[in-house]
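**Student:** This is the structure I have questions about; it appears just below.
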Amino acid sequence: MSKFLDRVKGGELLVSDGATGTYLQEHGLPPGGCPEEFNWSHPNVVQGMAAEYFAAGSDLVLTNSFGGSRYRLKEYGLGDRVVELNRLAADHARTVAPVEGFVLGSIGPTGVLLEPNGPATEEEMFSAFCEQVKGLSEGGVDGFCIETMFDLAEMNLAIRAAKDQTSLPVVATMVFDKGPKGYFTMMGLRPGRVAEELAEVGADVIGSNCGLAIGHMVEIVTAMRAVSVLPILTHVNAGIPEIKKTAIVYPDSPEFMAEEMVNIIEAGATIVGGCCGTSPEYIRAFARRFKS
Amino acid sequence: MAELADLKNKFLREELGEYVEEDAERQRMVDLYAETKLSMQNIAAAIIDGRHHDVDRLTREAIDDDVQALEVMDDGLIAGMALVGIKFRDNFIFVPEVLACARAMKAGMAHIEPILSASGIDPIGTVIMGTVKGDLHDIGKNLCIMMLRGSGFKVVDLGVDTSPDDFLEAVEEHGASLVGMSALLTTTMPNMGRTIEAFIDADLRDDVKVMVGGAPVTLEFADDMGADAYGADAVECVEIAKRLTEESASAH
């Protein structure tokens, strides 16, 4: 079994990393620029990000490859550089990782919907995920974190691609919204149902990220834990962005989130980290609270 | 006031009984359908059930039976979408089901549109839609466009990464009175405000209504940057587009 899964299944609490986009924007990525292109043009920034997260206390970091599928890269004219940019993403994090640090290859949504809701076929999307998985595994990842997915069908294709191309563990997290009748994915699935389906397809770790503030994430973890014995990862936004004059500010402080994270852990999550709006400062607060 | 039992279509009776939870709203829906012919109720039912082949056939049959195209559109297609919107709002159905209903609507509109345009009846309105500058995400925007077209709007889709100038040019070229902007990234959201400023600078702000949406966008943000409306999803987008179109029609 992989060393990553060994430690997760041993029941150890692991601290993950924080936002990638937020960090890269503070280090020169223009609004709407291609984050994965930075793997080639700004290797020092991407390596520096992983190094900062490890130094802050992350046991694992995600690679800078969230939008690294050919569907997203081709929007920037980089559709023919999928393997290269994903390999670089993994390599940058690996290069600065301490001996005990883990590197998970981030895989985000393709941004297109599957038939009949959109133009993508299953075959085409599966092959795109295989290509991304190939680059990440060549770069030396310890596993994959397929994240922010809202369509279980797309998630399943990504999990299958990872399992088909490698024997590495897969973390699978989806994004939920709160409606009048509770928590649902955009396509209408409740957290408990998602947890069961993800286990069925072969995810090794399940969970949720993005979308909701930390108080709601506790409910998602509780619902997943009620039906699943798999380890649970939670990556939480620093609250819902607020408008302050011309700046957009995430309201939840590192200390506030570290305290609230206690509830997430009590509900059953064993890997915790940040999503949009978080930074190494948040990871330091989590590590201080949970790793000392 | 009509009663649920007055509706001749059984499917509509069941749907209203099961999915419209609030009394006043159910009464309003019962009244809406009770005033329509059975053939129109059948079209509405097929829309709600997402049966696009049935909508295609029933709409064609109604037109062949000399029912006015506008009546088929209002009493059949749009009346059906009204319940779809309620079911979506209240978490009884989700995006995949709404898209099936939108496809059914499109199948019906394919028969209605040529008749309306041949008789010189304009679409409800023309909407310019685009994802703002620097942002390449278009799933939400495309859902809105499908729903708007299904509801009888003419939509000009500017795609992703749309500059303020592109919005301005499209409004002038198509004589549109409604602009819809989308953004998924917090970093590109401010480009909505910049686009609105470009309309002010070009002295065109009073000629258009602006609606905005996208996952991180809030009503507060929409108000702050001077948009006319904010929609949380594609169903709300259609409701807002209708309201804003009526407002600008009564203002001119």
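How things are named: the first chain in the structure tokens is A, the next is B, and so on; residues count from 1 in each chain; ligands count from 1 in the order shown.
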Pull out every residue of chain B sitting within 9 Å of chain A, counting only C-alpha atoms, and send them as a PDB file with N, CA and C atoms, in the first residue's frame.

**Tutor:**
ATOM      1  N   ARG B  89     -36.267  25.716  -8.163  1.00  0.00           N
ATOM      2  CA  ARG B  89     -36.025  26.595  -7.010  1.00  0.00           C
ATOM      3  C   ARG B  89     -36.100  25.813  -5.696  1.00  0.00           C
ATOM      4  N   ASP B  90     -37.050  24.896  -5.632  1.00  0.00           N
ATOM      5  CA  ASP B  90     -37.298  24.172  -4.383  1.00  0.00           C
ATOM      6  C   ASP B  90     -36.575  22.824  -4.291  1.00  0.00           C
ATOM      7  N   ASN B  91     -35.555  22.627  -5.130  1.00  0.00           N
ATOM      8  CA  ASN B  91     -34.713  21.414  -5.038  1.00  0.00           C
ATOM      9  C   ASN B  91     -35.438  20.109  -5.359  1.00  0.00           C
ATOM     10  N   PHE B  92     -36.539  20.160  -6.121  1.00  0.00           N
ATOM     11  CA  PHE B  92     -37.162  18.905  -6.561  1.00  0.00           C
ATOM     12  C   PHE B  92     -36.478  18.393  -7.828  1.00  0.00           C
ATOM     13  N   ILE B  93     -35.981  19.322  -8.628  1.00  0.00           N
ATOM     14  CA  ILE B  93     -35.207  18.942  -9.808  1.00  0.00           C
ATOM     15  C   ILE B  93     -33.937  19.786  -9.847  1.00  0.00           C
ATOM     16  N   PHE B  94     -32.966  19.349 -10.667  1.00  0.00           N
ATOM     17  CA  PHE B  94     -31.670  20.021 -10.726  1.00  0.00           C
ATOM     18  C   PHE B  94     -31.286  20.268 -12.184  1.00  0.00           C
ATOM     19  N   VAL B  95     -30.044  20.696 -12.383  1.00  0.00           N
ATOM     20  CA  VAL B  95     -29.620  21.132 -13.713  1.00  0.00           C
ATOM     21  C   VAL B  95     -29.920  20.114 -14.827  1.00  0.00           C
ATOM     22  N   PRO B  96     -29.645  18.818 -14.649  1.00  0.00           N
ATOM     23  CA  PRO B  96     -29.906  17.900 -15.771  1.00  0.00           C
ATOM     24  C   PRO B  96     -31.381  17.862 -16.188  1.00  0.00           C
ATOM     25  N   GLU B  97     -32.280  17.891 -15.190  1.00  0.00           N
ATOM     26  CA  GLU B  97     -33.711  17.856 -15.511  1.00  0.00           C
ATOM     27  C   GLU B  97     -34.141  19.167 -16.180  1.00  0.00           C
ATOM     28  N   LEU B  99     -32.332  21.068 -17.976  1.00  0.00           N
ATOM     29  CA  LEU B  99     -31.823  21.066 -19.351  1.00  0.00           C
ATOM     30  C   LEU B  99     -32.710  20.215 -20.259  1.00  0.00           C
ATOM     31  N   ALA B 100     -33.224  19.104 -19.731  1.00  0.00           N
ATOM     32  CA  ALA B 100     -34.140  18.278 -20.533  1.00  0.00           C
ATOM     33  C   ALA B 100     -35.408  19.080 -20.857  1.00  0.00           C
ATOM     34  N   LYS B 133     -14.129  39.762 -19.372  1.00  0.00           N
ATOM     35  CA  LYS B 133     -12.708  39.784 -19.732  1.00  0.00           C
ATOM     36  C   LYS B 133     -11.870  38.973 -18.747  1.00  0.00           C
ATOM     37  N   GLY B 134     -10.999  38.120 -19.277  1.00  0.00           N
ATOM     38  CA  GLY B 134     -10.071  37.380 -18.427  1.00  0.00           C
ATOM     39  C   GLY B 134     -10.634  36.092 -17.863  1.00  0.00           C
ATOM     40  N   ASP B 135     -11.913  35.823 -18.097  1.00  0.00           N
ATOM     41  CA  ASP B 135     -12.558  34.645 -17.505  1.00  0.00           C
ATOM     42  C   ASP B 135     -13.018  33.705 -18.623  1.00  0.00           C
ATOM     43  N   LEU B 136     -12.635  32.418 -18.488  1.00  0.00           N
ATOM     44  CA  LEU B 136     -12.906  31.460 -19.570  1.00  0.00           C
ATOM     45  C   LEU B 136     -14.005  30.460 -19.209  1.00  0.00           C
ATOM     46  N   HIS B 137     -14.719  30.711 -18.117  1.00  0.00           N
ATOM     47  CA  HIS B 137     -15.714  29.739 -17.658  1.00  0.00           C
ATOM     48  C   HIS B 137     -17.080  30.053 -18.255  1.00  0.00           C
ATOM     49  N   ASP B 138     -17.695  29.036 -18.854  1.00  0.00           N
ATOM     50  CA  ASP B 138     -18.955  29.358 -19.531  1.00  0.00           C
ATOM     51  C   ASP B 138     -20.094  28.367 -19.296  1.00  0.00           C
ATOM     52  N   ILE B 139     -19.926  27.420 -18.360  1.00  0.00           N
ATOM     53  CA  ILE B 139     -21.014  26.471 -18.149  1.00  0.00           C
ATOM     54  C   ILE B 139     -22.282  27.195 -17.692  1.00  0.00           C
ATOM     55  N   ASP B 161     -14.149  35.543 -22.130  1.00  0.00           N
ATOM     56  CA  ASP B 161     -13.105  36.553 -22.246  1.00  0.00           C
ATOM     57  C   ASP B 161     -13.590  37.761 -23.054  1.00  0.00           C
ATOM     58  N   LEU B 185     -14.578  33.669 -11.480  1.00  0.00           N
ATOM     59  CA  LEU B 185     -13.413  33.952 -10.647  1.00  0.00           C
ATOM     60  C   LEU B 185     -13.593  35.260  -9.888  1.00  0.00           C
ATOM     61  N   THR B 186     -13.181  35.267  -8.609  1.00  0.00           N
ATOM     62  CA  THR B 186     -13.257  36.520  -7.854  1.00  0.00           C
ATOM     63  C   THR B 186     -12.357  37.572  -8.488  1.00  0.00           C
ATOM     64  N   THR B 187     -11.286  37.116  -9.161  1.00  0.00           N
ATOM     65  CA  THR B 187     -10.345  38.070  -9.748  1.00  0.00           C
ATOM     66  C   THR B 187     -10.896  38.725 -11.011  1.00  0.00           C
ATOM     67  N   THR B 188     -11.865  38.097 -11.664  1.00  0.00           N
ATOM     68  CA  THR B 188     -12.415  38.700 -12.884  1.00  0.00           C
ATOM     69  C   THR B 188     -13.767  39.373 -12.635  1.00  0.00           C
ATOM     70  N   PRO B 190     -14.468  41.960 -10.865  1.00  0.00           N
ATOM     71  CA  PRO B 190     -14.429  43.426 -11.026  1.00  0.00           C
ATOM     72  C   PRO B 190     -14.571  43.877 -12.476  1.00  0.00           C
ATOM     73  N   ALA B 215     -20.910  31.999  -9.842  1.00  0.00           N
ATOM     74  CA  ALA B 215     -20.835  31.422  -8.494  1.00  0.00           C
ATOM     75  C   ALA B 215     -20.426  32.394  -7.389  1.00  0.00           C
ATOM     76  N   PRO B 216     -19.342  33.192  -7.562  1.00  0.00           N
ATOM     77  CA  PRO B 216     -18.943  34.049  -6.436  1.00  0.00           C
ATOM     78  C   PRO B 216     -19.711  35.364  -6.389  1.00  0.00           C
ATOM     79  N   VAL B 217     -20.548  35.649  -7.397  1.00  0.00           N
ATOM     80  CA  VAL B 217     -21.241  36.937  -7.476  1.00  0.00           C
ATOM     81  C   VAL B 217     -22.409  36.937  -6.481  1.00  0.00           C
ATOM     82  N   THR B 218     -22.578  38.050  -5.792  1.00  0.00           N
ATOM     83  CA  THR B 218     -23.680  38.186  -4.834  1.00  0.00           C
ATOM     84  C   THR B 218     -24.527  39.401  -5.200  1.00  0.00           C
ATOM     85  N   GLU B 220     -25.157  41.793  -3.219  1.00  0.00           N
ATOM     86  CA  GLU B 220     -24.432  42.943  -2.684  1.00  0.00           C
ATOM     87  C   GLU B 220     -23.404  43.454  -3.700  1.00  0.00           C
ATOM     88  N   PHE B 221     -22.673  42.511  -4.285  1.00  0.00           N
ATOM     89  CA  PHE B 221     -21.663  42.885  -5.278  1.00  0.00           C
ATOM     90  C   PHE B 221     -22.323  43.518  -6.503  1.00  0.00           C
ATOM     91  N   ASP B 224     -23.357  46.968  -5.628  1.00  0.00           N
ATOM     92  CA  ASP B 224     -22.169  47.783  -5.424  1.00  0.00           C
ATOM     93  C   ASP B 224     -21.603  48.298  -6.742  1.00  0.00           C
TER      94      ASP B 224
END

**Student:** Which neighbours of A:Ala223 fall inside 7 Å, counting only C-alpha atoms, when residues of the same chain fewer than 4 positions from it are skipped, and could you give them as JSON, numbers by chain?

**Tutor:** {"A": [191, 192, 219]}

**Student:** Only N, CA and C atoms, please: the residues just picked out, written as a PDB file, in the first residue's frame.

**Tutor:**
ATOM      1  N   PRO A 191     -24.732  14.672  -0.222  1.00  0.00           N
ATOM      2  CA  PRO A 191     -23.387  14.212   0.195  1.00  0.00           C
ATOM      3  C   PRO A 191     -23.319  12.717   0.485  1.00  0.00           C
ATOM      4  N   GLY A 192     -24.341  12.173   1.141  1.00  0.00           N
ATOM      5  CA  GLY A 192     -24.307  10.754   1.480  1.00  0.00           C
ATOM      6  C   GLY A 192     -24.270   9.882   0.236  1.00  0.00           C
ATOM      7  N   GLU A 219     -21.470  19.935   8.123  1.00  0.00           N
ATOM      8  CA  GLU A 219     -22.665  19.143   7.788  1.00  0.00           C
ATOM      9  C   GLU A 219     -22.353  18.124   6.684  1.00  0.00           C
TER      10      GLU A 219
END

**Student:** For A:Val205, work out the shell of residues within 8 Å, counting only C-alpha atoms and skipping chain neighbours fewer than 2 positions away, then give it as an MDAnalysis selection string.

**Tutor:** chainID A and resid 170:172 203 207 230:233

**Student:** Take the selection from the previous step and output its residues with N, CA and C atoms, as an mmCIF file, in the first residue's frame.

**Tutor:**
data_model
loop_
_atom_site.group_PDB
_atom_site.id
_atom_site.type_symbol
_atom_site.label_atom_id
_atom_site.label_comp_id
_atom_site.auth_asym_id
_atom_site.auth_seq_id
_atom_site.Cartn_x
_atom_site.Cartn_y
_atom_site.Cartn_z
ATOM 1 N N VAL A 170 -6.267 7.673 -4.849
ATOM 2 C CA VAL A 170 -7.064 8.774 -5.379
ATOM 3 C C VAL A 170 -7.931 9.389 -4.279
ATOM 4 N N VAL A 171 -7.756 10.706 -4.099
ATOM 5 C CA VAL A 171 -8.646 11.489 -3.243
ATOM 6 C C VAL A 171 -9.677 12.119 -4.170
ATOM 7 N N ALA A 172 -10.960 12.019 -3.815
ATOM 8 C CA ALA A 172 -12.016 12.543 -4.686
ATOM 9 C C ALA A 172 -12.936 13.462 -3.886
ATOM 10 N N ALA A 203 -12.594 5.412 -5.200
ATOM 11 C CA ALA A 203 -11.853 6.468 -4.507
ATOM 12 C C ALA A 203 -11.307 5.916 -3.196
ATOM 13 N N GLY A 207 -14.425 13.351 0.014
ATOM 14 C CA GLY A 207 -14.566 14.608 0.732
ATOM 15 C C GLY A 207 -15.215 15.698 -0.086
ATOM 16 N N LEU A 230 -14.565 5.364 4.550
ATOM 17 C CA LEU A 230 -13.360 5.881 3.897
ATOM 18 C C LEU A 230 -12.856 7.136 4.610
ATOM 19 N N PRO A 231 -11.534 7.375 4.564
ATOM 20 C CA PRO A 231 -11.002 8.626 5.102
ATOM 21 C C PRO A 231 -11.633 9.826 4.381
ATOM 22 N N ILE A 232 -11.797 10.933 5.112
ATOM 23 C CA ILE A 232 -12.443 12.118 4.543
ATOM 24 C C ILE A 232 -11.487 13.313 4.577
ATOM 25 N N LEU A 233 -11.373 13.986 3.417
ATOM 26 C CA LEU A 233 -10.577 15.218 3.302
ATOM 27 C C LEU A 233 -11.533 16.401 3.142
#

**Student:** Which value, in Å to one decimal, gives the distance between atom CA of B:Val84 and atom CA of B:Leu12?

**Tutor:**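 Separation of atom CA of B:Val84 and atom CA of B:Leu12: 11.6 Å.
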
**Student:** Can you tell me, as JSON, numbers by chain, what residues are no more than 12 Å from B:Asp75 when counting only C-alpha atoms, ignoring any on the same chain fewer than 2 positions away?

**Tutor:** {"B": [29, 31, 32, 33, 34, 35, 36, 37, 38, 39, 40, 41, 42, 43, 44, 45, 47, 59, 62, 67, 68, 69, 70, 71, 72, 73, 77, 78, 79, 80, 81, 82]}

**Student:** Fewer than 3 positions away in the same chain doesn't count, so skip those; otherwise give me all residues within 8 Å of A:Gln132, counting only C-alpha atoms, as a PyMOL selection string.

**Tutor:** chain A and resi 68-70+82-83+86+107+128-129+135-136

**Student:** Take the residues from that selection and write them out as a PDB file, in the first residue's frame, keeping C-alpha atoms.

**Tutor:**
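The resulting file, part.pdb, is shown below:
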ATOM      1  CA  GLY A  68      -4.355  21.076 -16.528  1.00  0.00           C
ATOM      2  CA  SER A  69      -6.730  19.116 -18.746  1.00  0.00           C
ATOM      3  CA  ARG A  70      -6.589  19.682 -22.482  1.00  0.00           C
ATOM      4  CA  VAL A  82      -0.822  18.836 -21.288  1.00  0.00           C
ATOM      5  CA  VAL A  83       1.724  16.153 -20.375  1.00  0.00           C
ATOM      6  CA  ASN A  86       1.412  18.492 -15.621  1.00  0.00           C
ATOM      7  CA  ILE A 107      -7.194  17.471 -11.213  1.00  0.00           C
ATOM      8  CA  ALA A 128      -8.221  13.825 -21.542  1.00  0.00           C
ATOM      9  CA  PHE A 129      -8.009  12.719 -17.904  1.00  0.00           C
ATOM     10  CA  GLY A 135       1.935  13.893 -16.944  1.00  0.00           C
ATOM     11  CA  LEU A 136       1.366  14.053 -13.192  1.00  0.00           C
TER      12      LEU A 136
END

**Student:** What is the distance between atom CA of B:Leu143 and atom CA of B:Val210, in Å to one decimal?

**Tutor:** 17.8 Å

**Student:** Compare A:Gly57, A:Gly105, A:Pro251, A:Gly239 by their minimum atom-to-atom distance to A:Glu281, counting only C-alpha atoms, and give me the closest one.

**Tutor:**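 The closest residue to A:Glu281 is A:Gly57.
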
**Student:** From a backbone DSSP assignment, name each residue in stretch 133-203 of chain A labelled helix (DSSP H, G or I), as an MDAnalysis selection string.

**Tutor:** chainID A and resid 133:138 152:165 191:201

**Student:** For stretch 249-251 of chain B, find every residue with an atom within 10 Å (counting only C-alpha atoms), except residues of its own chain fewer than 6 positions away, and show them as a PyMOL selection string.

**Tutor:** chain B and resi 125+177+243

**Student:** What is the atom CA of B:Ala104 to atom CA of B:Asp157 distance in Å?

**Tutor:** 20.9 Å

**Student:** So that I can see what lies close to stretch 287-289 of chain A, please list as JSON, numbers by chain the residues with an atom at most 10 Å from it, counting only C-alpha atoms and leaving out residues fewer than 6 positions away in the same chain.

**Tutor:** {"A": [14, 15, 16, 56, 57, 58, 59, 255, 258, 259, 261, 262, 272, 273, 281]}

**Student:** Those residues you just picked out, can you put them in a file as a CSV table (one decimal), in the first residue's frame with C-alpha atoms?

**Tutor:**
chain,number,residue,atom,x,y,z
A,14,LEU,CA,-2.9,15.3,8.2
A,15,VAL,CA,-2.7,19.0,7.3
A,16,SER,CA,-3.0,19.7,3.6
A,56,ALA,CA,4.0,26.3,7.2
A,57,GLY,CA,3.2,22.7,8.2
A,58,SER,CA,1.5,21.0,5.3
A,59,ASP,CA,1.9,17.2,5.3
A,255,GLU,CA,-7.4,31.6,13.8
A,258,ALA,CA,-8.4,26.7,12.9
A,259,GLU,CA,-11.0,26.8,15.8
A,261,MET,CA,-11.8,23.1,11.9
A,262,VAL,CA,-12.1,21.3,15.3
A,272,VAL,CA,-7.9,19.2,6.5
A,273,GLY,CA,-6.7,22.2,4.5
A,281,GLU,CA,-0.7,31.7,7.1

**Student:** Report as JSON, numbers by chain: the residues of stretch 11-215 of chain A with a DSSP assignment of strand (DSSP E or B), based on the backbone of this structure.

**Tutor:** {"A": [14, 15, 60, 61, 62, 102, 103, 104, 105, 106, 107, 114, 120, 143, 144, 145, 146, 147, 148, 149, 170, 171, 172, 173, 174, 177, 178, 179, 182, 183, 184, 205, 206, 207, 208, 209]}
